[in-house]
file start-v6.txt (compact mmCIF, C-alpha atoms and all ligand atoms)
# COMPACT_ATOMS: atom_id res chain seq x y z
CA MET A 1 0.00 0.00 0.00
CA PRO A 2 1.43 3.40 -0.88
CA LEU A 3 2.11 5.77 1.99
CA LEU A 4 0.23 8.58 0.27
CA SER A 5 -2.38 8.06 -2.42
CA VAL A 6 -3.94 10.96 -4.28
CA LEU A 7 -6.99 10.01 -6.31
CA SER A 8 -8.67 12.26 -8.90
CA LEU A 9 -8.09 15.33 -6.77
CA CYS A 10 -9.72 18.59 -7.92
CA VAL A 11 -9.44 22.10 -6.51
CA GLN A 12 -11.37 25.04 -7.89
CA TYR A 13 -10.93 28.67 -6.99
CA GLN A 14 -13.79 31.06 -7.45
CA SER A 15 -12.54 34.49 -8.49
CA ALA A 16 -14.28 37.60 -9.72
CA GLN A 17 -13.49 36.57 -13.31
CA GLY A 18 -14.80 33.02 -12.95
CA VAL A 19 -13.77 29.54 -11.86
CA VAL A 20 -10.14 28.41 -12.02
CA ARG A 21 -9.62 24.66 -12.04
CA ALA A 22 -6.27 24.96 -10.29
CA VAL A 23 -5.96 21.19 -9.77
CA ASP A 24 -7.91 19.03 -12.19
CA ASP A 25 -8.20 15.26 -11.73
CA VAL A 26 -4.74 14.63 -10.32
CA SER A 27 -3.79 11.11 -9.17
CA PHE A 28 -0.45 9.74 -7.96
CA ASP A 29 1.14 7.66 -5.20
CA LEU A 30 4.09 8.30 -2.91
CA GLU A 31 5.92 5.33 -1.42
CA PRO A 32 7.74 5.24 1.94
CA GLY A 33 11.19 6.83 1.67
CA GLU A 34 10.53 8.02 -1.87
CA THR A 35 11.00 11.48 -3.37
CA VAL A 36 8.57 12.55 -6.05
CA GLY A 37 9.38 15.79 -7.86
CA LEU A 38 6.48 17.95 -9.00
CA VAL A 39 7.38 20.40 -11.77
CA GLY A 40 5.66 22.87 -14.05
CA GLU A 41 5.52 26.56 -14.84
CA SER A 42 4.33 29.18 -12.40
CA GLY A 43 0.56 28.99 -11.94
CA CYS A 44 0.16 25.36 -13.03
CA GLY A 45 -1.23 24.37 -9.62
CA LYS A 46 1.76 22.88 -7.76
CA SER A 47 1.28 24.75 -4.48
CA THR A 48 -2.48 24.27 -4.64
CA LEU A 49 -1.98 20.52 -5.00
CA GLY A 50 0.41 20.48 -2.03
CA LYS A 51 -1.97 22.51 0.11
CA ALA A 52 -4.95 20.40 -0.93
CA ILE A 53 -3.13 17.23 0.17
CA MET A 54 -2.54 18.94 3.55
CA ARG A 55 -6.15 20.13 3.56
CA LEU A 56 -5.01 23.73 3.76
CA VAL A 57 -7.34 24.50 0.84
CA PRO A 58 -10.72 22.82 0.23
CA THR A 59 -10.98 20.20 -2.49
CA SER A 60 -13.97 20.01 -4.81
CA ASP A 61 -13.54 16.33 -5.68
CA GLY A 62 -11.23 13.34 -5.19
CA ARG A 63 -9.56 11.68 -2.24
CA VAL A 64 -6.25 11.69 -0.39
CA PHE A 65 -5.26 8.58 1.55
CA LEU A 66 -2.46 8.67 4.09
CA ASP A 67 -1.55 5.19 5.35
CA GLY A 68 -4.94 4.06 4.11
CA ASP A 69 -6.91 6.74 5.98
CA ASP A 70 -8.97 9.19 3.94
CA VAL A 71 -7.60 12.64 4.82
CA THR A 72 -10.31 14.38 2.79
CA ARG A 73 -13.04 13.00 5.06
CA MET A 74 -11.33 13.50 8.42
CA GLN A 75 -12.95 15.44 11.23
CA ALA A 76 -10.88 17.94 13.23
CA GLY A 77 -9.44 15.43 15.74
CA ALA A 78 -8.27 12.87 13.21
CA LEU A 79 -6.99 15.65 10.95
CA LYS A 80 -4.85 17.00 13.77
CA ALA A 81 -3.40 13.51 14.27
CA SER A 82 -2.69 13.21 10.54
CA ARG A 83 -0.75 16.50 10.66
CA LYS A 84 1.86 14.69 12.73
CA SER A 85 2.45 12.38 9.79
CA MET A 86 2.39 15.04 7.09
CA GLN A 87 4.15 18.41 7.15
CA MET A 88 4.85 21.16 4.64
CA ILE A 89 7.77 23.53 4.19
CA PHE A 90 7.57 26.66 2.10
CA GLN A 91 9.64 28.79 -0.23
CA ASP A 92 9.84 31.75 2.09
CA PRO A 93 11.11 30.48 5.41
CA TYR A 94 11.02 33.98 6.88
CA GLY A 95 7.34 34.50 6.17
CA SER A 96 6.49 31.27 7.95
CA LEU A 97 8.62 31.96 11.06
CA ASN A 98 7.03 34.28 13.62
CA PRO A 99 9.58 37.12 14.08
CA ARG A 100 8.50 37.72 17.69
CA HIS A 101 9.19 34.18 18.84
CA ASP A 102 12.59 32.75 19.62
CA VAL A 103 13.79 29.77 17.65
CA GLY A 104 13.16 27.31 20.48
CA THR A 105 9.51 28.34 20.59
CA ILE A 106 9.15 28.22 16.80
CA VAL A 107 10.76 24.82 16.30
CA GLY A 108 9.02 23.43 19.39
CA GLN A 109 5.61 24.79 18.41
CA PRO A 110 4.27 21.56 16.84
CA LEU A 111 5.36 19.73 19.99
CA SER A 112 3.57 22.09 22.35
CA VAL A 113 0.44 21.88 20.18
CA ALA A 114 0.72 18.10 20.49
CA GLY A 115 0.80 18.47 24.30
CA TRP A 116 4.45 17.67 24.99
CA LEU A 117 5.98 18.67 28.35
CA ARG A 118 8.33 21.67 28.41
CA ARG A 119 11.40 19.65 29.30
CA ASP A 120 10.74 17.09 26.58
CA ILE A 121 10.21 19.86 24.05
CA LYS A 122 13.56 21.38 24.94
CA ASP A 123 15.38 18.05 24.57
CA ARG A 124 13.74 17.39 21.21
CA VAL A 125 14.52 20.89 19.93
CA VAL A 126 18.19 20.47 20.87
CA GLU A 127 18.18 17.20 18.95
CA LEU A 128 16.47 18.82 15.94
CA MET A 129 18.96 21.69 15.83
CA GLY A 130 21.74 19.13 15.62
CA GLN A 131 19.95 17.26 12.87
CA VAL A 132 19.67 20.36 10.69
CA GLY A 133 23.21 21.50 11.39
CA LEU A 134 22.56 24.47 13.67
CA PRO A 135 24.15 25.03 17.10
CA ALA A 136 21.92 24.25 20.09
CA ASP A 137 22.37 27.79 21.48
CA ALA A 138 20.59 29.13 18.38
CA MET A 139 17.41 28.24 20.29
CA ARG A 140 17.50 31.51 22.17
CA ARG A 141 17.91 33.66 19.07
CA TYR A 142 15.29 35.18 16.74
CA PRO A 143 14.57 34.50 13.04
CA HIS A 144 16.02 37.81 11.82
CA GLU A 145 19.41 36.80 13.21
CA PHE A 146 19.69 33.99 10.66
CA SER A 147 20.59 33.87 6.97
CA GLY A 148 18.08 32.61 4.39
CA GLY A 149 19.66 29.16 4.31
CA GLN A 150 19.66 28.93 8.11
CA ARG A 151 16.04 30.02 8.25
CA GLN A 152 15.14 27.25 5.84
CA ARG A 153 16.99 24.86 8.20
CA LEU A 154 14.74 26.14 11.01
CA GLY A 155 11.66 25.50 8.86
CA ILE A 156 12.92 21.99 8.19
CA ALA A 157 13.60 21.40 11.90
CA ARG A 158 10.07 22.46 12.76
CA ALA A 159 8.62 20.21 10.03
CA LEU A 160 10.64 17.27 11.39
CA ALA A 161 9.66 17.82 15.03
CA LEU A 162 6.91 15.21 15.15
CA LYS A 163 8.75 12.70 12.93
CA PRO A 164 6.43 12.96 9.93
CA LYS A 165 6.24 10.29 7.25
CA VAL A 166 5.70 12.82 4.45
CA ILE A 167 7.05 16.33 3.97
CA ILE A 168 5.68 18.44 1.15
CA CYS A 169 8.53 20.76 0.16
CA ASP A 170 7.13 23.73 -1.78
CA GLU A 171 10.04 25.38 -3.60
CA PRO A 172 12.23 25.11 -0.48
CA VAL A 173 15.38 26.40 -2.20
CA SER A 174 13.96 28.77 -4.83
CA ALA A 175 14.48 31.86 -2.67
CA LEU A 176 18.02 30.89 -1.66
CA ASP A 177 21.34 31.85 -3.20
CA VAL A 178 22.61 29.25 -5.63
CA SER A 179 25.57 28.53 -3.33
CA VAL A 180 23.25 27.69 -0.42
CA ARG A 181 20.78 25.63 -2.42
CA ALA A 182 22.95 22.55 -2.67
CA GLN A 183 23.56 22.61 1.10
CA VAL A 184 19.85 22.63 1.88
CA ILE A 185 19.14 19.93 -0.70
CA ASN A 186 21.95 17.79 0.72
CA LEU A 187 20.49 18.27 4.17
CA LEU A 188 17.07 17.11 2.97
CA GLU A 189 18.67 14.06 1.39
CA ASP A 190 20.63 13.23 4.56
CA LEU A 191 17.49 13.57 6.66
CA GLN A 192 15.68 11.21 4.33
CA GLN A 193 18.48 8.67 4.71
CA ALA A 194 18.31 9.00 8.49
CA THR A 195 14.54 9.03 8.97
CA GLY A 196 13.02 7.36 5.90
CA VAL A 197 10.73 10.35 5.33
CA SER A 198 9.08 10.73 1.90
CA TYR A 199 9.14 14.00 0.01
CA LEU A 200 6.83 15.57 -2.49
CA PHE A 201 9.33 18.09 -3.81
CA ILE A 202 7.78 21.01 -5.70
CA SER A 203 9.81 23.19 -8.04
CA HIS A 204 9.30 25.16 -11.22
CA ASP A 205 12.89 24.23 -12.11
CA LEU A 206 13.37 20.71 -13.46
CA SER A 207 17.12 20.84 -12.93
CA VAL A 208 16.58 21.30 -9.17
CA VAL A 209 14.33 18.28 -8.71
CA GLU A 210 15.75 15.90 -11.28
CA HIS A 211 18.67 14.55 -9.30
CA ILE A 212 16.95 14.25 -5.93
CA SER A 213 13.70 12.72 -7.22
CA ASP A 214 13.03 9.04 -7.76
CA ARG A 215 10.06 9.92 -9.93
CA LEU A 216 8.83 13.09 -11.59
CA ILE A 217 5.36 14.48 -12.15
CA VAL A 218 5.01 17.21 -14.77
CA MET A 219 1.95 19.46 -14.51
CA TYR A 220 0.45 21.85 -17.02
CA LEU A 221 -2.62 24.01 -16.31
CA GLY A 222 -3.76 21.95 -13.34
CA ARG A 223 -3.31 18.51 -14.89
CA ILE A 224 -0.58 15.89 -14.95
CA VAL A 225 0.89 15.62 -18.46
CA GLU A 226 3.70 13.16 -17.72
CA THR A 227 5.04 10.93 -14.95
CA GLY A 228 7.92 8.49 -14.86
CA ARG A 229 11.21 7.56 -13.27
CA SER A 230 13.27 10.68 -12.94
CA GLU A 231 16.19 9.69 -15.16
CA ASP A 232 13.85 8.34 -17.85
CA VAL A 233 11.91 11.59 -18.04
CA TRP A 234 15.14 13.59 -18.04
CA ASP A 235 16.80 11.45 -20.70
CA ARG A 236 13.77 10.98 -22.92
CA PRO A 237 10.77 13.21 -22.31
CA ALA A 238 7.51 11.74 -23.55
CA HIS A 239 5.43 14.92 -23.57
CA PRO A 240 6.31 17.91 -25.78
CA TYR A 241 5.80 20.16 -22.74
CA THR A 242 8.41 18.22 -20.76
CA GLU A 243 10.75 18.47 -23.74
CA ALA A 244 10.31 22.24 -23.74
CA LEU A 245 10.89 22.47 -19.97
CA LEU A 246 14.06 20.43 -20.36
CA ALA A 247 15.32 22.64 -23.14
CA ALA A 248 14.92 25.59 -20.79
CA ALA A 249 16.76 23.87 -17.90
CA PRO A 250 20.48 24.44 -17.48
CA ILE A 251 22.46 21.37 -18.49
CA ALA A 252 25.70 20.36 -16.83
CA ASP A 253 26.63 17.64 -19.29
CA PRO A 254 27.58 19.01 -22.74
CA ARG A 255 26.89 15.66 -24.44
CA THR A 256 23.29 15.79 -23.26
CA ALA A 257 23.12 19.39 -24.37
CA ARG A 258 24.10 18.49 -27.92
CA SER A 259 21.82 15.49 -28.28
CA ARG A 260 18.81 17.15 -26.78
CA ALA A 261 16.18 18.58 -29.05
CA ARG A 262 15.93 22.33 -28.93
CA SER A 263 12.29 22.99 -28.36
CA VAL A 264 11.35 26.36 -27.01
CA LEU A 265 8.13 27.25 -25.26
CA GLN A 266 6.18 29.42 -27.62
CA GLY A 267 3.59 31.97 -26.65
CA GLU A 268 2.03 32.68 -23.30
CA LEU A 269 0.57 30.29 -20.79
CA PRO A 270 -3.18 30.28 -21.60
CA SER A 271 -5.51 31.77 -19.02
CA PRO A 272 -6.54 29.12 -16.49
CA LEU A 273 -9.96 30.81 -16.50
CA ASN A 274 -10.42 29.82 -20.10
CA PRO A 275 -8.23 26.83 -20.99
CA PRO A 276 -8.02 25.82 -24.65
CA PRO A 277 -10.25 22.99 -25.88
CA GLY A 278 -8.65 19.60 -26.50
CA CYS A 279 -5.11 19.34 -25.17
CA SER A 280 -4.42 22.41 -23.04
CA PHE A 281 -0.83 22.49 -24.37
CA SER A 282 -1.95 22.49 -28.02
CA THR A 283 -1.71 26.29 -28.33
CA ARG A 284 2.03 26.15 -27.64
CA CYS A 285 2.95 22.69 -28.90
CA PRO A 286 5.25 22.53 -31.95
CA TYR A 287 3.79 19.12 -32.87
CA ALA A 288 0.08 19.88 -32.46
CA GLN A 289 -2.29 18.29 -34.98
CA ALA A 290 -5.99 18.84 -35.59
CA LEU A 291 -6.94 16.11 -33.11
CA CYS A 292 -5.00 17.89 -30.35
CA ARG A 293 -7.22 20.95 -30.62
CA GLU A 294 -10.38 18.85 -30.51
CA GLU A 295 -9.90 16.02 -28.06
CA ARG A 296 -8.26 16.12 -24.66
CA PRO A 297 -5.67 13.32 -24.36
CA MET A 298 -6.10 11.16 -21.28
CA LEU A 299 -3.13 10.26 -19.09
CA ARG A 300 -2.27 6.77 -20.31
CA ASP A 301 0.38 4.15 -19.64
CA VAL A 302 3.30 3.98 -22.04
CA VAL A 303 6.54 1.97 -21.88
CA GLY A 304 8.64 1.65 -18.74
CA GLY A 305 5.97 2.43 -16.17
CA ARG A 306 5.53 5.90 -17.58
CA LYS A 307 2.36 7.83 -18.15
CA VAL A 308 1.76 10.58 -20.66
CA ALA A 309 -1.21 12.70 -21.70
CA CYS A 310 -0.45 13.27 -25.39
CA HIS A 311 -2.04 11.92 -28.57
CA TYR A 312 1.36 11.79 -30.28
CA ASP A 313 3.84 11.24 -27.47
CA LEU A 314 7.53 11.44 -28.25
CA LEU A 315 8.29 7.88 -27.12
CA GLU A 316 5.97 5.81 -29.24
CA GLN A 317 5.80 7.82 -32.43
CA PRO A 318 9.01 9.76 -32.53
CA ALA A 319 9.51 9.86 -36.29
CA ALA A 320 6.04 9.14 -37.65
CA LEU A 321 4.83 12.69 -37.36
CA PRO A 322 5.22 15.55 -39.74
CA ARG A 323 7.09 17.90 -37.43
CA VAL A 324 6.20 21.51 -37.48
CA ALA A 325 9.23 23.72 -37.91
CA ARG A 326 10.64 24.72 -34.58
CA VAL A 327 11.57 28.18 -33.56
CA ALA A 328 15.21 28.71 -34.50
CA ASN A 329 17.46 29.73 -31.65
N1 LIG A 401 -6.43 31.86 -3.37
C1 LIG A 401 -6.60 31.83 -4.70
N2 LIG A 401 -7.72 32.37 -5.28
C2 LIG A 401 -7.93 32.32 -6.62
N3 LIG A 401 -7.05 31.77 -7.47
C3 LIG A 401 -5.91 31.23 -6.97
C4 LIG A 401 -5.64 31.23 -5.56
N4 LIG A 401 -4.43 30.64 -5.36
C5 LIG A 401 -3.99 30.27 -6.59
N5 LIG A 401 -4.87 30.62 -7.55
C6 LIG A 401 -4.75 30.33 -8.99
O1 LIG A 401 -4.65 28.92 -9.13
C7 LIG A 401 -3.70 28.58 -10.13
C8 LIG A 401 -2.63 27.70 -9.51
O2 LIG A 401 -1.87 28.46 -8.59
P1 LIG A 401 -0.70 27.84 -7.72
O3 LIG A 401 -0.22 28.86 -6.78
O4 LIG A 401 -1.14 26.54 -7.15
O5 LIG A 401 0.42 27.55 -8.83
P2 LIG A 401 1.96 27.17 -8.67
O6 LIG A 401 2.21 26.10 -9.68
O7 LIG A 401 2.28 26.86 -7.26
O8 LIG A 401 2.71 28.47 -9.14
P3 LIG A 401 4.13 29.10 -8.64
O9 LIG A 401 5.20 28.32 -9.36
O10 LIG A 401 4.05 30.51 -9.08
O11 LIG A 401 4.20 28.94 -7.14
C9 LIG A 401 -3.20 29.90 -10.71
O12 LIG A 401 -3.94 30.19 -11.84
C10 LIG A 401 -3.47 30.88 -9.59
O13 LIG A 401 -3.67 32.16 -10.12
MG MG A 402 3.62 27.68 -5.88
call {"tool": "encode", "arguments": {"input": "start-v6.txt", "output": "structure tokens"}}
result
Amino acid sequence: MPLLSVLSLCVQYQSAQGVVRAVDDVSFDLEPGETVGLVGESGCGKSTLGKAIMRLVPTSDGRVFLDGDDVTRMQAGALKASRKSMQMIFQDPYGSLNPRHDVGTIVGQPLSVAGWLRRDIKDRVVELMGQVGLPADAMRRYPHEFSGGQRQRLGIARALALKPKVIICDEPVSALDVSVRAQVINLLEDLQQATGVSYLFISHDLSVVEHISDRLIVMYLGRIVETGRSEDVWDRPAHPYTEALLAAAPIADPRTARSRARSVLQGELPSPLNPPPGCSFSTRCPYAQALCREERPMLRDVVGGRKVACHYDLLEQPAALPRVARVAN
């Protein structure tokens, strides 16, 4: 049984302009100790999906099972208990740390909510500070006294306090200097080794998630367009959108750079208030055919345990298609 199971989850936002289907029929599993990377452009629904799993935003349809229990149907008491097993960390560690509280109070907050005794809280916070590589005496200091990377370590310590099984990491390194990013990512990897925690790791940048993720989920306008083992997706994207994201990602290996198709995202992201008919990527897809503008492709199984939502995916029919000329660059 998967640790976390998301089934046909939907989230709609009502705005003055109309209804946005921010998350539309999303399903995936997360196994114990696994890292799943969730990627896609800004506004595709990544944070909304993370928050909906945590029940921080209401869902309009679908289910979320944690260890077999339906989180979407839980009453307050059971939900509070499930929060011990599932935690979230955010892009802006400063915004989520109360500036008026010292670090000991902030990191120990989930423990005091859970009814721990003061002395036990203190011992656990000391332990947590060690785990995230901060000195124990940092407990008496305040968030503004820390650098961005250190603040993210504090956010991680707080998320770890109750020994969760799942941590949803929403762009945890996007706001950090490039030099600090690798340190925080290494820390998250070490903590996973030590505790067996699973991560849903959200990023708009494929190059950030690729090497830490076992599997990748690519989202476009609220829907999953591709999933698969991380290296498979990276080496051979099945969806034209993934191919375009990869072309935009920085590449360390020059051999990959040469062999990789140069596809460039054309045009603007369509309005989520009024998504295109058929495949929602068809307005920007260099390979789009008439069918793509008429019929929405379902997410279907392809080779190697992968799934793709494309009528003419790049794995099964790579050469059969008349290719539209790509933008020269
Ligand atoms: N509270 C809200 N009310 C109305 N619409 C919202 C709300 N929050 C998000 N949206 C809309 O839902 C869609 C998904 O937003 P979301 O923040 O989940 O995307 P994201 O993939 O996390 O983007 P980013 O990479 O910028 O963080 C967007 O169209 C956004 O404008
Ligand atoms: Mg977001």
call {"tool": "closest_atom_pairs", "arguments": {"input": "start-v6.txt", "of": "chain A", "to": "ligand MG 402 (chain A)", "cutoff": "9 Å", "atoms": "all atoms listed in the file", "output": "JSON lines"}}
result
{"residue": "A:Ser42", "atom": "CA", "partner": "A:MG402", "partner_atom": "MG", "distance": 6.7}
{"residue": "A:Gly43", "atom": "CA", "partner": "A:MG402", "partner_atom": "MG", "distance": 6.9}
{"residue": "A:Cys44", "atom": "CA", "partner": "A:MG402", "partner_atom": "MG", "distance": 8.3}
{"residue": "A:Gly45", "atom": "CA", "partner": "A:MG402", "partner_atom": "MG", "distance": 7.0}
{"residue": "A:Lys46", "atom": "CA", "partner": "A:MG402", "partner_atom": "MG", "distance": 5.5}
{"residue": "A:Ser47", "atom": "CA", "partner": "A:MG402", "partner_atom": "MG", "distance": 4.0}
{"residue": "A:Thr48", "atom": "CA", "partner": "A:MG402", "partner_atom": "MG", "distance": 7.1}
{"residue": "A:Gly50", "atom": "CA", "partner": "A:MG402", "partner_atom": "MG", "distance": 8.8}
{"residue": "A:Phe90", "atom": "CA", "partner": "A:MG402", "partner_atom": "MG", "distance": 9.0}
{"residue": "A:Gln91", "atom": "CA", "partner": "A:MG402", "partner_atom": "MG", "distance": 8.3}
{"residue": "A:Asp170", "atom": "CA", "partner": "A:MG402", "partner_atom": "MG", "distance": 6.7}
{"residue": "A:Glu171", "atom": "CA", "partner": "A:MG402", "partner_atom": "MG", "distance": 7.2}
{"residue": "A:Ile202", "atom": "CA", "partner": "A:MG402", "partner_atom": "MG", "distance": 7.9}
{"residue": "A:Ser203", "atom": "CA", "partner": "A:MG402", "partner_atom": "MG", "distance": 7.9}
{"residue": "A:His204", "atom": "CA", "partner": "A:MG402", "partner_atom": "MG", "distance": 8.2}
call {"tool": "residues_around", "arguments": {"input": "start-v6.txt", "residues": "Ile168 in chain A", "least_positions_apart": "2", "cutoff": "6 Å", "atoms": "all atoms listed in the file", "output": "list in words"}}
result
Met88, Tyr199 and Leu200 of chain A
call {"tool": "closest_residue", "arguments": {"input": "start-v6.txt", "among": "A:Arg293, A:Arg153, A:His144, A:Arg119", "to": "Val107 in chain A", "atoms": "all atoms listed in the file"}}
result
A:Arg153
call {"tool": "closest_residue", "arguments": {"input": "start-v6.txt", "among": "A:Val103, A:Val6, A:Val225, A:Val113", "to": "Thr242 in chain A", "atoms": "all atoms listed in the file"}}
result
A:Val225
call {"tool": "closest_residue", "arguments": {"input": "start-v6.txt", "among": "A:Ala138, A:Met1, A:Ala52, A:Leu245", "to": "ligand LIG 401 (chain A)", "atoms": "only C-alpha atoms and all ligand atoms"}}
result
A:Ala52
call {"tool": "atom_distance", "arguments": {"input": "start-v6.txt", "atom1": "CA of Gly278 in chain A", "atom2": "CA of Val23 in chain A"}}
result
17.0 Å
call {"tool": "residues_around", "arguments": {"input": "start-v6.txt", "residues": "range 271-275 of chain A", "least_positions_apart": "6", "cutoff": "10 Å", "atoms": "all atoms listed in the file", "output": "list in words"}}
result
Tyr13, Gln14, Ser15, Gln17, Gly18, Val19, Val20, Arg21, Ala22, Gly43, Cys44, Gly45, Leu221, Gly222, Phe281 and Thr283 of chain A
call {"tool": "closest_residue", "arguments": {"input": "start-v6.txt", "among": "A:Leu291, A:Val36, A:Leu66, A:Cys10", "to": "Arg229 in chain A", "atoms": "only C-alpha atoms"}}
result
A:Val36
